[in-house]
$ cat query_23.csv   # CSV, C-alpha atoms
chain,number,residue,atom,x,y,z
A,392,MET,CA,87.5,90.6,118.4
A,393,SER,CA,88.6,87.1,117.7
A,394,SER,CA,90.9,86.5,114.7
A,395,ASN,CA,88.5,83.6,113.7
A,396,ASN,CA,91.2,81.1,113.1
A,397,SER,CA,90.0,78.5,115.6
A,398,HIS,CA,89.0,75.0,114.7
A,399,ILE,CA,85.5,75.6,116.1
A,400,TYR,CA,85.0,78.6,113.8
A,401,SER,CA,86.1,76.5,110.9
A,402,LYS,CA,83.6,73.8,111.8
A,403,ILE,CA,80.8,76.4,112.1
A,404,GLN,CA,81.6,77.7,108.6
A,405,THR,CA,81.5,74.2,107.2
A,406,LEU,CA,78.2,73.4,108.9
A,407,HIS,CA,76.8,76.7,107.6
A,408,LYS,CA,77.6,75.7,104.1
A,409,SER,CA,76.0,72.3,104.5
A,410,PHE,CA,72.8,73.9,105.9
A,411,GLU,CA,72.5,76.0,102.8
A,412,HIS,CA,73.3,73.0,100.5
A,413,GLU,CA,70.7,70.8,102.1
A,414,GLN,CA,68.2,73.6,102.4
A,415,LEU,CA,68.1,73.4,106.1
A,416,PHE,CA,69.3,77.0,106.8
A,417,ARG,CA,67.0,79.0,109.0
A,418,SER,CA,66.9,82.7,109.8
A,419,LEU,CA,64.8,84.8,112.1
A,420,LYS,CA,61.9,86.8,110.7
A,421,ASN,CA,60.9,90.2,112.1
A,422,ILE,CA,57.2,90.0,112.9
A,423,SER,CA,55.1,93.1,113.7
A,424,PRO,CA,51.5,93.3,115.0
A,425,THR,CA,48.6,94.5,112.8
A,426,ASP,CA,45.1,95.8,113.6
A,427,SER,CA,43.8,92.2,113.6
A,428,PRO,CA,44.7,89.5,116.2
A,429,HIS,CA,45.1,86.8,113.5
A,430,TYR,CA,47.3,88.7,111.2
A,431,ILE,CA,51.0,89.7,111.4
A,432,GLU,CA,53.3,91.9,109.3
A,433,ILE,CA,56.5,90.7,107.7
A,434,ASN,CA,58.6,92.9,105.5
A,435,GLY,CA,55.6,95.3,105.1
A,436,ALA,CA,53.2,92.5,104.0
A,437,LYS,CA,50.0,91.8,106.1
A,438,LEU,CA,49.7,88.0,106.4
A,439,LEU,CA,47.3,85.6,108.0
A,440,ASN,CA,49.2,83.8,110.8
A,441,ALA,CA,48.3,80.2,110.1
A,442,CYS,CA,51.2,78.6,112.2
A,443,SER,CA,50.7,80.0,115.7
A,444,ASN,CA,49.9,77.9,118.7
A,445,ASN,CA,47.3,80.5,119.9
A,446,TYR,CA,44.6,77.8,119.6
A,447,LEU,CA,41.9,79.6,121.5
A,448,GLY,CA,42.8,83.1,120.4
A,449,LEU,CA,43.5,84.3,123.9
A,450,THR,CA,46.7,86.3,123.3
A,451,HIS,CA,44.5,89.3,122.6
A,452,ASN,CA,41.8,88.6,125.1
A,453,PRO,CA,40.7,91.9,126.8
A,454,GLU,CA,40.3,90.3,130.3
A,455,ILE,CA,43.8,88.8,130.2
A,456,ILE,CA,45.3,92.0,128.9
A,457,GLN,CA,43.6,94.0,131.7
A,458,ALA,CA,44.8,91.6,134.3
A,459,VAL,CA,48.4,91.8,133.0
A,460,GLN,CA,48.3,95.6,133.0
A,461,LYS,CA,46.9,95.8,136.5
A,462,ALA,CA,49.6,93.5,137.8
A,463,VAL,CA,52.4,95.5,136.3
A,464,GLU,CA,51.2,98.5,138.3
A,465,GLU,CA,50.8,96.5,141.5
A,466,TYR,CA,53.9,94.2,141.4
A,467,GLY,CA,56.3,95.9,139.0
A,468,ALA,CA,57.8,94.6,135.8
A,469,GLY,CA,59.9,91.6,136.8
A,470,GLY,CA,60.2,88.5,139.0
A,471,GLY,CA,63.3,89.9,140.7
A,472,ALA,CA,64.9,86.5,141.8
A,473,SER,CA,64.4,82.8,141.5
A,474,ARG,CA,61.4,81.2,143.2
A,475,LEU,CA,63.5,79.7,146.0
A,476,VAL,CA,65.1,83.0,146.8
A,477,SER,CA,62.6,85.9,146.8
A,478,GLY,CA,60.7,85.6,143.5
A,479,ASN,CA,57.9,83.3,144.6
A,480,CYS,CA,55.1,85.9,144.7
A,481,ASN,CA,51.7,85.0,146.0
A,482,LEU,CA,50.3,84.6,142.5
A,483,TYR,CA,52.3,81.4,142.0
A,484,SER,CA,50.4,79.6,144.8
A,485,SER,CA,47.1,80.9,143.4
A,486,ILE,CA,47.9,79.4,140.0
A,487,GLU,CA,49.1,76.1,141.5
A,488,ASN,CA,45.9,75.8,143.6
A,489,THR,CA,43.8,76.8,140.6
A,490,LEU,CA,45.4,74.1,138.5
A,491,ILE,CA,44.4,71.4,141.0
A,492,ASP,CA,40.8,72.7,140.8
A,493,PHE,CA,41.1,72.9,137.0
A,494,PHE,CA,41.9,69.1,136.8
A,495,GLU,CA,39.5,68.3,139.6
A,496,LEU,CA,42.0,66.6,141.8
A,497,ASP,CA,42.1,66.0,145.6
A,498,ASN,CA,44.7,67.3,148.0
A,499,SER,CA,47.1,64.5,147.4
A,500,PHE,CA,48.1,66.3,144.2
A,501,SER,CA,50.1,69.5,143.8
A,502,SER,CA,51.3,71.5,140.8
A,503,LEU,CA,54.4,73.5,140.1
A,504,VAL,CA,54.9,76.4,137.6
A,505,PHE,CA,58.0,76.6,135.5
A,506,SER,CA,59.3,79.5,133.4
A,507,ASN,CA,58.5,77.7,130.1
A,508,GLY,CA,57.9,74.3,128.6
A,509,TYR,CA,61.5,73.7,127.7
A,510,ALA,CA,62.7,74.6,131.2
A,511,GLY,CA,60.1,72.4,132.7
A,512,ASN,CA,60.9,69.3,130.6
A,513,ILE,CA,64.6,69.5,131.0
A,514,GLY,CA,64.2,70.1,134.8
A,515,ILE,CA,61.7,67.3,135.3
A,516,LEU,CA,63.4,64.6,133.3
A,517,SER,CA,67.0,65.4,134.4
A,518,ALA,CA,65.8,65.1,138.0
A,519,LEU,CA,63.7,61.9,137.5
A,520,GLY,CA,66.4,60.2,135.5
A,521,SER,CA,69.2,60.9,138.0
A,522,PHE,CA,68.6,57.9,140.1
A,523,PRO,CA,71.1,55.0,139.6
A,524,ASN,CA,69.9,52.1,137.4
A,525,THR,CA,67.3,54.2,135.6
A,526,GLU,CA,66.2,53.7,132.0
A,527,ILE,CA,64.0,56.1,130.1
A,528,PHE,CA,61.7,54.8,127.3
A,529,MET,CA,60.7,57.5,124.9
A,530,ASP,CA,58.4,57.7,121.9
A,531,LYS,CA,60.5,58.4,118.7
A,532,LEU,CA,58.5,61.6,118.1
A,533,CYS,CA,58.9,63.1,121.6
A,534,HIS,CA,59.6,66.8,121.7
A,535,ALA,CA,63.2,67.9,121.7
A,536,SER,CA,62.9,69.3,125.2
A,537,LEU,CA,62.0,65.9,126.5
A,538,ILE,CA,64.9,64.3,124.7
A,539,ASP,CA,67.3,67.0,126.1
A,540,GLY,CA,66.0,66.4,129.6
A,541,ALA,CA,66.5,62.7,129.3
A,542,LEU,CA,70.1,63.2,128.0
A,543,LEU,CA,70.9,65.6,130.9
A,544,SER,CA,69.7,63.0,133.4
A,545,GLY,CA,72.5,60.5,132.5
A,546,ALA,CA,70.0,57.7,132.4
A,547,LYS,CA,70.0,55.0,129.7
A,548,ILE,CA,67.6,56.0,126.9
A,549,LYS,CA,65.6,53.7,124.7
A,550,ARG,CA,63.4,55.1,121.9
A,551,TYR,CA,60.3,53.1,120.9
A,552,LYS,CA,58.7,53.4,117.5
A,553,HIS,CA,56.0,56.1,117.3
A,554,ASN,CA,52.9,55.0,119.1
A,555,ASP,CA,54.0,51.4,118.9
A,556,SER,CA,53.2,49.6,122.2
A,557,THR,CA,54.4,46.3,120.8
A,558,HIS,CA,57.9,47.8,120.4
A,559,LEU,CA,57.7,49.4,123.8
A,560,GLU,CA,56.8,46.0,125.3
A,561,ALA,CA,59.8,44.4,123.5
A,562,LEU,CA,62.2,47.0,124.9
A,563,PHE,CA,60.8,46.4,128.4
A,564,ALA,CA,61.4,42.7,128.0
A,565,LYS,CA,65.1,43.4,127.3
A,566,SER,CA,65.5,45.8,130.2
A,567,HIS,CA,67.2,45.0,133.5
A,568,SER,CA,66.9,48.4,135.0
A,569,LEU,CA,65.2,48.7,138.3
A,570,ASN,CA,63.8,52.2,137.6
A,571,LYS,CA,61.8,52.6,134.4
A,572,ILE,CA,60.3,55.9,133.1
A,573,ILE,CA,58.0,56.1,130.1
A,574,VAL,CA,57.9,59.5,128.4
A,575,THR,CA,55.4,60.5,125.7
A,576,ASP,CA,53.8,63.6,124.3
A,577,GLY,CA,50.0,63.7,124.7
A,578,VAL,CA,49.5,65.5,121.3
A,579,PHE,CA,52.5,65.2,119.1
A,580,SER,CA,53.5,68.7,118.0
A,581,MET,CA,54.5,68.0,114.4
A,582,ASP,CA,51.9,65.4,113.5
A,583,GLY,CA,49.0,66.6,115.6
A,584,ASN,CA,48.0,63.0,116.6
A,585,LEU,CA,47.3,61.6,120.0
A,586,ALA,CA,49.4,59.2,122.0
A,587,HIS,CA,48.0,55.7,122.5
A,588,LEU,CA,47.8,56.4,126.2
A,589,ASN,CA,45.6,53.5,127.3
A,590,GLU,CA,48.0,51.0,125.9
A,591,ILE,CA,51.0,52.8,127.5
A,592,ILE,CA,49.2,52.8,130.8
A,593,ASP,CA,48.7,49.1,130.6
A,594,LEU,CA,52.4,48.6,130.1
A,595,LYS,CA,53.3,51.1,132.8
A,596,ASN,CA,51.3,49.2,135.3
A,597,LYS,CA,52.6,45.8,134.2
A,598,HIS,CA,56.2,46.9,134.4
A,599,LYS,CA,55.9,49.2,137.4
A,600,ALA,CA,57.2,52.2,135.4
A,601,PHE,CA,56.8,55.9,136.1
A,602,LEU,CA,54.8,57.7,133.4
A,603,VAL,CA,55.5,61.3,132.2
A,604,VAL,CA,53.0,62.8,129.7
A,605,ASP,CA,53.7,66.2,128.1
A,606,ASP,CA,50.3,67.4,127.0
A,607,ALA,CA,51.4,70.9,126.0
A,608,HIS,CA,49.3,70.8,122.8
A,609,GLY,CA,46.3,69.1,124.3
A,610,ILE,CA,45.5,70.9,127.5
A,611,GLY,CA,43.0,73.7,126.8
A,612,VAL,CA,42.1,72.1,123.5
A,613,LEU,CA,40.9,68.6,124.1
A,614,GLY,CA,38.1,67.5,126.4
A,615,GLU,CA,34.8,69.2,127.2
A,616,LYS,CA,36.5,71.2,130.0
A,617,GLY,CA,39.9,71.5,128.3
A,618,LYS,CA,41.7,69.1,130.5
A,619,GLY,CA,43.5,67.6,127.6
A,620,ILE,CA,44.2,64.0,126.5
A,621,ILE,CA,43.2,62.5,129.9
A,622,GLU,CA,39.7,63.9,129.5
A,623,GLU,CA,39.5,63.2,125.8
A,624,LEU,CA,40.4,59.5,126.4
A,625,ASN,CA,38.5,59.3,129.8
A,626,ILE,CA,41.7,58.4,131.7
A,627,SER,CA,42.0,58.8,135.5
A,628,HIS,CA,44.6,61.4,136.4
A,629,LYS,CA,45.9,58.9,138.9
A,630,GLU,CA,47.3,56.8,136.1
A,631,ILE,CA,49.7,59.7,135.1
A,632,ASP,CA,52.6,60.0,137.4
A,633,CYS,CA,53.6,63.4,136.0
A,634,LEU,CA,51.4,65.5,133.7
A,635,ILE,CA,53.1,68.5,132.0
A,636,GLY,CA,51.4,71.4,130.4
A,637,THR,CA,52.1,74.9,129.1
A,638,PHE,CA,50.5,78.3,129.3
A,639,GLY,CA,52.2,79.3,126.0
A,640,LYS,CA,49.7,77.7,123.6
A,641,ALA,CA,46.0,77.4,124.3
A,642,PHE,CA,46.2,79.7,127.3
A,643,GLY,CA,47.8,82.4,125.2
A,644,LEU,CA,50.5,83.4,127.6
A,645,TYR,CA,53.9,82.0,128.8
A,646,GLY,CA,55.1,79.5,131.3
A,647,ALA,CA,54.6,75.8,132.0
A,648,PHE,CA,53.5,73.5,134.8
A,649,ALA,CA,53.7,70.0,136.2
A,650,VAL,CA,50.9,68.2,138.1
A,651,ALA,CA,51.8,65.2,140.2
A,652,HIS,CA,51.5,63.7,143.7
A,653,ASN,CA,52.7,66.0,146.5
A,654,GLU,CA,55.9,64.1,147.1
A,655,VAL,CA,56.8,64.3,143.4
A,656,ILE,CA,56.3,68.0,143.3
A,657,ASP,CA,58.4,68.5,146.4
A,658,PHE,CA,61.1,66.4,144.7
A,659,PHE,CA,61.0,68.8,141.7
A,660,ILE,CA,61.3,71.9,143.9
A,661,ASN,CA,64.5,70.5,145.4
A,662,LYS,CA,66.0,68.8,142.3
A,663,ALA,CA,64.8,70.4,139.1
A,664,ARG,CA,67.8,72.7,138.3
A,665,SER,CA,65.8,74.7,135.7
A,666,LEU,CA,63.4,75.8,138.4
A,667,ILE,CA,66.1,76.3,141.1
A,668,PHE,CA,68.4,78.5,139.0
A,669,SER,CA,65.8,80.5,136.9
A,670,THR,CA,64.5,83.9,137.6
A,671,ALA,CA,60.8,83.8,138.5
A,672,LEU,CA,58.2,84.7,135.9
A,673,PRO,CA,57.0,88.4,135.9
A,674,PRO,CA,54.0,88.8,138.2
A,675,ALA,CA,52.1,90.3,135.2
A,676,ILE,CA,52.4,87.0,133.4
A,677,LEU,CA,51.2,85.1,136.4
A,678,SER,CA,48.2,87.4,136.8
A,679,GLY,CA,47.3,86.8,133.1
A,680,ILE,CA,47.6,83.0,133.6
A,681,LEU,CA,45.2,83.1,136.5
A,682,THR,CA,42.6,84.9,134.4
A,683,SER,CA,43.2,82.6,131.4
A,684,LEU,CA,42.7,79.5,133.5
A,685,GLU,CA,39.2,80.7,134.4
A,686,ILE,CA,38.4,81.7,130.8
A,687,VAL,CA,39.6,78.4,129.3
A,688,LYS,CA,37.3,76.3,131.5
A,689,ARG,CA,34.2,78.0,129.9
A,690,MET,CA,35.3,77.8,126.3
A,691,ASN,CA,33.7,74.5,125.3
A,692,ALA,CA,31.9,76.0,122.3
A,693,GLU,CA,35.3,77.3,121.0
A,694,ARG,CA,36.9,73.9,121.5
A,695,SER,CA,34.1,72.2,119.6
A,696,ARG,CA,34.3,74.8,116.8
A,697,LEU,CA,38.1,74.3,116.6
A,698,ARG,CA,37.8,70.6,116.3
A,699,ARG,CA,35.1,70.9,113.6
A,700,MET,CA,37.3,73.3,111.6
A,701,SER,CA,40.3,71.0,112.0
A,702,ILE,CA,38.5,67.9,110.7
A,703,GLU,CA,36.9,69.8,107.8
A,704,LEU,CA,40.2,71.3,106.7
A,705,ARG,CA,41.9,67.9,106.8
A,706,ASN,CA,39.1,66.4,104.7
A,707,THR,CA,39.3,69.2,102.1
A,708,LEU,CA,43.0,69.0,101.8
A,709,GLN,CA,42.9,65.2,101.5
A,710,THR,CA,40.3,65.4,98.7
A,711,ARG,CA,42.6,67.8,96.9
A,712,GLY,CA,45.4,65.2,96.9
A,713,TYR,CA,47.5,66.4,99.8
A,714,LYS,CA,49.1,64.0,102.3
A,715,VAL,CA,47.4,65.0,105.5
A,716,PRO,CA,47.2,62.6,108.5
A,717,GLU,CA,43.9,62.0,110.2
A,718,GLY,CA,43.3,63.8,113.4
A,719,ILE,CA,41.1,66.0,115.6
A,720,THR,CA,43.6,68.6,116.8
A,721,PRO,CA,44.3,72.1,115.3
A,722,ILE,CA,47.7,70.9,114.2
A,723,VAL,CA,47.2,70.1,110.5
A,724,PRO,CA,50.5,68.9,108.9
A,725,ILE,CA,50.7,68.8,105.1
A,726,ILE,CA,53.5,66.3,104.4
A,727,LEU,CA,55.5,67.2,101.3
A,728,GLY,CA,58.7,65.1,101.8
A,729,GLU,CA,61.5,67.1,100.2
A,730,ASN,CA,62.9,70.2,101.9
A,731,GLU,CA,62.8,72.2,98.6
A,732,LYS,CA,59.2,71.3,98.1
A,733,ALA,CA,58.2,72.5,101.6
A,734,LEU,CA,60.1,75.8,101.1
A,735,THR,CA,58.6,76.4,97.7
A,736,MET,CA,55.1,75.8,99.0
A,737,ALA,CA,55.7,78.1,102.0
A,738,GLU,CA,56.8,80.8,99.6
A,739,LYS,CA,53.6,80.4,97.5
A,740,CYS,CA,51.5,80.7,100.7
A,741,LEU,CA,53.3,84.0,101.5
A,742,GLN,CA,52.5,85.3,98.0
A,743,LYS,CA,48.9,84.5,98.7
A,744,GLY,CA,48.9,86.3,102.0
A,745,VAL,CA,49.2,83.3,104.4
A,746,PHE,CA,52.2,82.7,106.7
A,747,ILE,CA,52.9,78.9,107.3
A,748,SER,CA,56.3,77.8,108.3
A,749,ALA,CA,58.2,75.1,106.4
A,750,ILE,CA,59.2,72.4,108.9
A,751,ARG,CA,62.3,70.5,108.0
A,752,PRO,CA,64.8,68.1,109.8
A,753,PRO,CA,65.7,67.9,112.6
A,754,ALA,CA,62.3,69.0,113.8
A,755,VAL,CA,60.8,66.2,111.7
A,756,PRO,CA,62.4,63.0,110.2
A,757,LYS,CA,64.4,63.1,107.0
A,758,ASN,CA,62.2,63.2,103.9
A,759,ARG,CA,59.2,64.2,106.0
A,760,ALA,CA,59.4,68.0,105.5
A,761,ARG,CA,56.0,69.7,105.7
A,762,LEU,CA,54.0,72.7,106.2
A,763,ARG,CA,52.7,72.7,109.8
A,764,LEU,CA,49.3,74.5,109.6
A,765,THR,CA,47.6,75.4,112.8
A,766,LEU,CA,44.2,76.8,113.4
A,767,SER,CA,42.7,79.1,116.0
A,768,SER,CA,39.1,79.0,117.3
A,769,GLY,CA,38.8,82.7,116.5
A,770,PHE,CA,39.3,82.1,112.7
A,771,GLU,CA,36.3,83.0,110.7
A,772,GLU,CA,35.3,81.8,107.2
A,773,LYS,CA,37.3,84.7,105.7
A,774,GLU,CA,40.4,83.3,107.4
A,775,ILE,CA,39.9,79.7,106.2
A,776,ASP,CA,39.3,80.7,102.5
A,777,PRO,CA,42.8,82.2,102.0
A,778,ILE,CA,44.3,79.0,103.5
A,779,LEU,CA,42.4,76.8,101.1
A,780,ASN,CA,43.3,79.1,98.2
A,781,CYS,CA,46.9,78.3,98.8
A,782,PHE,CA,46.2,74.6,98.2
A,783,GLU,CA,44.0,74.7,95.1
$ encode --input "query_23.csv" --output "structure tokens"
Amino acid sequence: MSSNNSHIYSKIQTLHKSFEHEQLFRSLKNISPTDSPHYIEINGAKLLNACSNNYLGLTHNPEIIQAVQKAVEEYGAGGGASRLVSGNCNLYSSIENTLIDFFELDNSFSSLVFSNGYAGNIGILSALGSFPNTEIFMDKLCHASLIDGALLSGAKIKRYKHNDSTHLEALFAKSHSLNKIIVTDGVFSMDGNLAHLNEIIDLKNKHKAFLVVDDAHGIGVLGEKGKGIIEELNISHKEIDCLIGTFGKAFGLYGAFAVAHNEVIDFFINKARSLIFSTALPPAILSGILTSLEIVKRMNAERSRLRRMSIELRNTLQTRGYKVPEGITPIVPIILGENEKALTMAEKCLQKGVFISAIRPPAVPKNRARLRLTLSSGFEEKEIDPILNCFE
């Protein structure tokens, strides 16, 4: 055991104290299942889970659970090795082909499954940004995994103001880099709003840039068939050089994927270190993903209901005086400003039987602390009422 007299340990202790002083300290909560898919148990209390990304309620879908159980019996429990060694079981190619069908693309496109969204983003961006004389232009509110991937690449990074195409254009005007990459979320995870993708595409074409869109929170939720922001905004997939999605949100499982032209996917297979050096996903998860992909395509009624609930909840909270941005997604942020205010409100929600996490910096900008409330299409009126009771 270390004597704990190192300078690093001293720095950690100091930082720990500052976290507590600034009300930024976080701890892990033990969460147990209950007899209801939308409820969890924390410290013996049964709580409505109003901050999950389980947007379509598929984590407890019987078809998916059955597919997972059957695959465990057939394939075993684990992936066994990385995909490039011996972990690339046949279910991977089934998913990757199904994704091309899901997005209704031709055979010039391929897809690639990663172990999770974070691994996908750091692998993709660290590979794309590795070319000499490359500059990455990122929305200020891009997800942390995209930022980390850009940092790992060694490329120059420029951050443009959130959804501000004029600022992005100004940054392009000052750039002398040969290789330009634009990076944006499709749906921003903390605000729940959509990227101004049509404007970004115009600039991408004008400046011959490579466009990466992480639509983790949009795919499955937006569009009649669940194809995400590209369907919602009626954008051709050919305008997106690399589309990233996840199976850990609307699809109710785990894992992530990229969709791009064949040559780009081959490039990722050979250069994305998070793919090359990660153990393959368990076959049971892959089997569940295959089943979920088929289910999500036919959930248009659930998507419509989810959008309607999201808009109605926003309107109600706004009429009660809360600062809630406009939007159509199931991410409903209640902006409170101060960290203490967000923590206090989260505690009041717990006392009323609703679990909503307080989101504080660095996940959001300073003085923009909030409760990040998220809805599921499976919520009934009896689940919405307790949420509203928290904000009377």
$ closest_residue --input "query_23.csv" --among "A:Ile591, A:Ala510, A:Ala600, A:Val723" --to "Ala535 of chain A" --atoms "all atoms listed in the file"
A:Ala510
$ atom_distance --input "query_23.csv" --atom1 "atom CA of Ala651 of chain A" --atom2 "atom CA of Ile515 of chain A"
11.2 Å
$ atom_distance --input "query_23.csv" --atom1 "atom CA of Arg763 of chain A" --atom2 "atom CA of Gly619 of chain A"
20.7 Å
$ closest_residue --input "query_23.csv" --among "A:Asn730, A:Thr489, A:Gln460, A:Ser517" --to "Arg761 of chain A" --atoms "all atoms listed in the file"
A:Asn730
$ atom_distance --input "query_23.csv" --atom1 "atom CA of Phe500 of chain A" --atom2 "atom CA of Val650 of chain A"
7.0 Å
$ residues_around --input "query_23.csv" --residues "Leu684 of chain A" --least-positions-apart "3" --cutoff "12 Å" --atoms "only C-alpha atoms" --output "MDAnalysis selection string"
chainID A and resid 449 454:455 485:494 610:611 616:618 637:638 641:644 677:681 687:690
$ residues_around --input "query_23.csv" --residues "segment 427-443 of chain A" --least-positions-apart "6" --cutoff "8 Å" --atoms "all atoms listed in the file" --output "list of chain:residue names"
A:Lys420, A:Asn421, A:His451, A:Leu741, A:Gly744, A:Val745, A:Phe746, A:Ile747, A:Ser748, A:Arg763, A:Leu764, A:Thr765, A:Leu766, A:Phe770, A:Glu774, A:Ile778
$ closest_residue --input "query_23.csv" --among "A:Ile573, A:Leu519, A:Asp539, A:Pro753" --to "Tyr551 of chain A" --atoms "all atoms listed in the file"
A:Ile573
$ residues_around --input "query_23.csv" --residues "Asp582 of chain A" --least-positions-apart "2" --cutoff "7 Å" --atoms "all atoms listed in the file" --output "VMD selection string"
chain A and resid 579 to 580 584 722 724
$ write_last_selection --input "query_23.csv" --atoms "C-alpha atoms" --output "short mmCIF file (atom, residue, chain, number, x, y, z; two decimals), keeping the file's coordinate frame"
data_model
loop_
_atom_site.label_atom_id
_atom_site.label_comp_id
_atom_site.auth_asym_id
_atom_site.auth_seq_id
_atom_site.Cartn_x
_atom_site.Cartn_y
_atom_site.Cartn_z
CA PHE A 579 52.50 65.20 119.10
CA SER A 580 53.50 68.70 118.00
CA ASN A 584 48.00 63.00 116.60
CA ILE A 722 47.70 70.90 114.20
CA PRO A 724 50.50 68.90 108.90
#
$ residues_near_point --input "query_23.csv" --point "(52.8, 63.3, 107.7)" --cutoff "7 Å" --atoms "only C-alpha atoms" --output "tab-separated table (two decimals) with C-alpha atoms, keeping the file's coordinate frame"
chain	number	residue	atom	x	y	z
A	582	ASP	CA	51.90	65.40	113.50
A	714	LYS	CA	49.10	64.00	102.30
A	715	VAL	CA	47.40	65.00	105.50
A	716	PRO	CA	47.20	62.60	108.50
A	724	PRO	CA	50.50	68.90	108.90
A	725	ILE	CA	50.70	68.80	105.10
A	726	ILE	CA	53.50	66.30	104.40
A	759	ARG	CA	59.20	64.20	106.00
$ closest_residue --input "query_23.csv" --among "A:Pro777, A:Gly769, A:Pro756, A:Pro424" --to "Cys533 of chain A" --atoms "only C-alpha atoms"
A:Pro756
$ closest_residue --input "query_23.csv" --among "A:Thr450, A:Ser502, A:Asn780, A:Thr575" --to "Leu537 of chain A" --atoms "only C-alpha atoms"
A:Thr575
$ closest_residue --input "query_23.csv" --among "A:Leu543, A:Leu762, A:Ile631, A:Ala647" --to "Val604 of chain A" --atoms "only C-alpha atoms"
A:Ile631
$ residues_around --input "query_23.csv" --residues "segment 564-566 of chain A" --least-positions-apart "3" --cutoff "12 Å" --atoms "all atoms listed in the file" --output "count of residues only"
21
$ residues_around --input "query_23.csv" --residues "Pro721 of chain A" --least-positions-apart "2" --cutoff "10 Å" --atoms "all atoms listed in the file" --output "PDB file with C-alpha atoms, keeping the file's coordinate frame"
ATOM      1  CA  CYS A 442      51.200  78.600 112.200  1.00  0.00           C
ATOM      2  CA  ASN A 444      49.900  77.900 118.700  1.00  0.00           C
ATOM      3  CA  TYR A 446      44.600  77.800 119.600  1.00  0.00           C
ATOM      4  CA  GLY A 583      49.000  66.600 115.600  1.00  0.00           C
ATOM      5  CA  ASN A 584      48.000  63.000 116.600  1.00  0.00           C
ATOM      6  CA  HIS A 608      49.300  70.800 122.800  1.00  0.00           C
ATOM      7  CA  GLY A 609      46.300  69.100 124.300  1.00  0.00           C
ATOM      8  CA  VAL A 612      42.100  72.100 123.500  1.00  0.00           C
ATOM      9  CA  ARG A 694      36.900  73.900 121.500  1.00  0.00           C
ATOM     10  CA  LEU A 697      38.100  74.300 116.600  1.00  0.00           C
ATOM     11  CA  ARG A 698      37.800  70.600 116.300  1.00  0.00           C
ATOM     12  CA  ARG A 699      35.100  70.900 113.600  1.00  0.00           C
ATOM     13  CA  MET A 700      37.300  73.300 111.600  1.00  0.00           C
ATOM     14  CA  SER A 701      40.300  71.000 112.000  1.00  0.00           C
ATOM     15  CA  ILE A 702      38.500  67.900 110.700  1.00  0.00           C
ATOM     16  CA  LEU A 704      40.200  71.300 106.700  1.00  0.00           C
ATOM     17  CA  ARG A 705      41.900  67.900 106.800  1.00  0.00           C
ATOM     18  CA  GLY A 718      43.300  63.800 113.400  1.00  0.00           C
ATOM     19  CA  ILE A 719      41.100  66.000 115.600  1.00  0.00           C
ATOM     20  CA  VAL A 723      47.200  70.100 110.500  1.00  0.00           C
ATOM     21  CA  PRO A 724      50.500  68.900 108.900  1.00  0.00           C
ATOM     22  CA  LEU A 764      49.300  74.500 109.600  1.00  0.00           C
ATOM     23  CA  THR A 765      47.600  75.400 112.800  1.00  0.00           C
ATOM     24  CA  LEU A 766      44.200  76.800 113.400  1.00  0.00           C
ATOM     25  CA  SER A 767      42.700  79.100 116.000  1.00  0.00           C
ATOM     26  CA  SER A 768      39.100  79.000 117.300  1.00  0.00           C
TER      27      SER A 768
END
$ build_atoms --input "query_23.csv" --residues "segment 509-515 of chain A" --atoms "N, CA, C and O atoms" --output "PDB file, keeping the file's coordinate frame"
ATOM      1  N   TYR A 509      60.205  74.274 127.821  1.00  0.00           N
ATOM      2  CA  TYR A 509      61.500  73.700 127.700  1.00  0.00           C
ATOM      3  C   TYR A 509      62.206  73.526 129.035  1.00  0.00           C
ATOM      4  O   TYR A 509      62.744  72.466 129.370  1.00  0.00           O
ATOM      5  N   ALA A 510      62.140  74.599 129.839  1.00  0.00           N
ATOM      6  CA  ALA A 510      62.700  74.600 131.200  1.00  0.00           C
ATOM      7  C   ALA A 510      62.076  73.493 132.039  1.00  0.00           C
ATOM      8  O   ALA A 510      62.744  72.772 132.800  1.00  0.00           O
ATOM      9  N   GLY A 511      60.760  73.390 131.918  1.00  0.00           N
ATOM     10  CA  GLY A 511      60.100  72.400 132.700  1.00  0.00           C
ATOM     11  C   GLY A 511      60.478  70.980 132.336  1.00  0.00           C
ATOM     12  O   GLY A 511      60.776  70.154 133.210  1.00  0.00           O
ATOM     13  N   ASN A 512      60.546  70.689 131.055  1.00  0.00           N
ATOM     14  CA  ASN A 512      60.900  69.300 130.600  1.00  0.00           C
ATOM     15  C   ASN A 512      62.301  68.927 130.944  1.00  0.00           C
ATOM     16  O   ASN A 512      62.556  67.798 131.367  1.00  0.00           O
ATOM     17  N   ILE A 513      63.253  69.844 130.736  1.00  0.00           N
ATOM     18  CA  ILE A 513      64.600  69.500 131.000  1.00  0.00           C
ATOM     19  C   ILE A 513      64.827  69.346 132.561  1.00  0.00           C
ATOM     20  O   ILE A 513      65.586  68.494 133.028  1.00  0.00           O
ATOM     21  N   GLY A 514      64.128  70.171 133.330  1.00  0.00           N
ATOM     22  CA  GLY A 514      64.200  70.100 134.800  1.00  0.00           C
ATOM     23  C   GLY A 514      63.624  68.819 135.330  1.00  0.00           C
ATOM     24  O   GLY A 514      64.209  68.131 136.177  1.00  0.00           O
ATOM     25  N   ILE A 515      62.441  68.487 134.842  1.00  0.00           N
ATOM     26  CA  ILE A 515      61.700  67.300 135.300  1.00  0.00           C
ATOM     27  C   ILE A 515      62.430  66.019 134.972  1.00  0.00           C
ATOM     28  O   ILE A 515      62.665  65.156 135.821  1.00  0.00           O
TER      29      ILE A 515
END
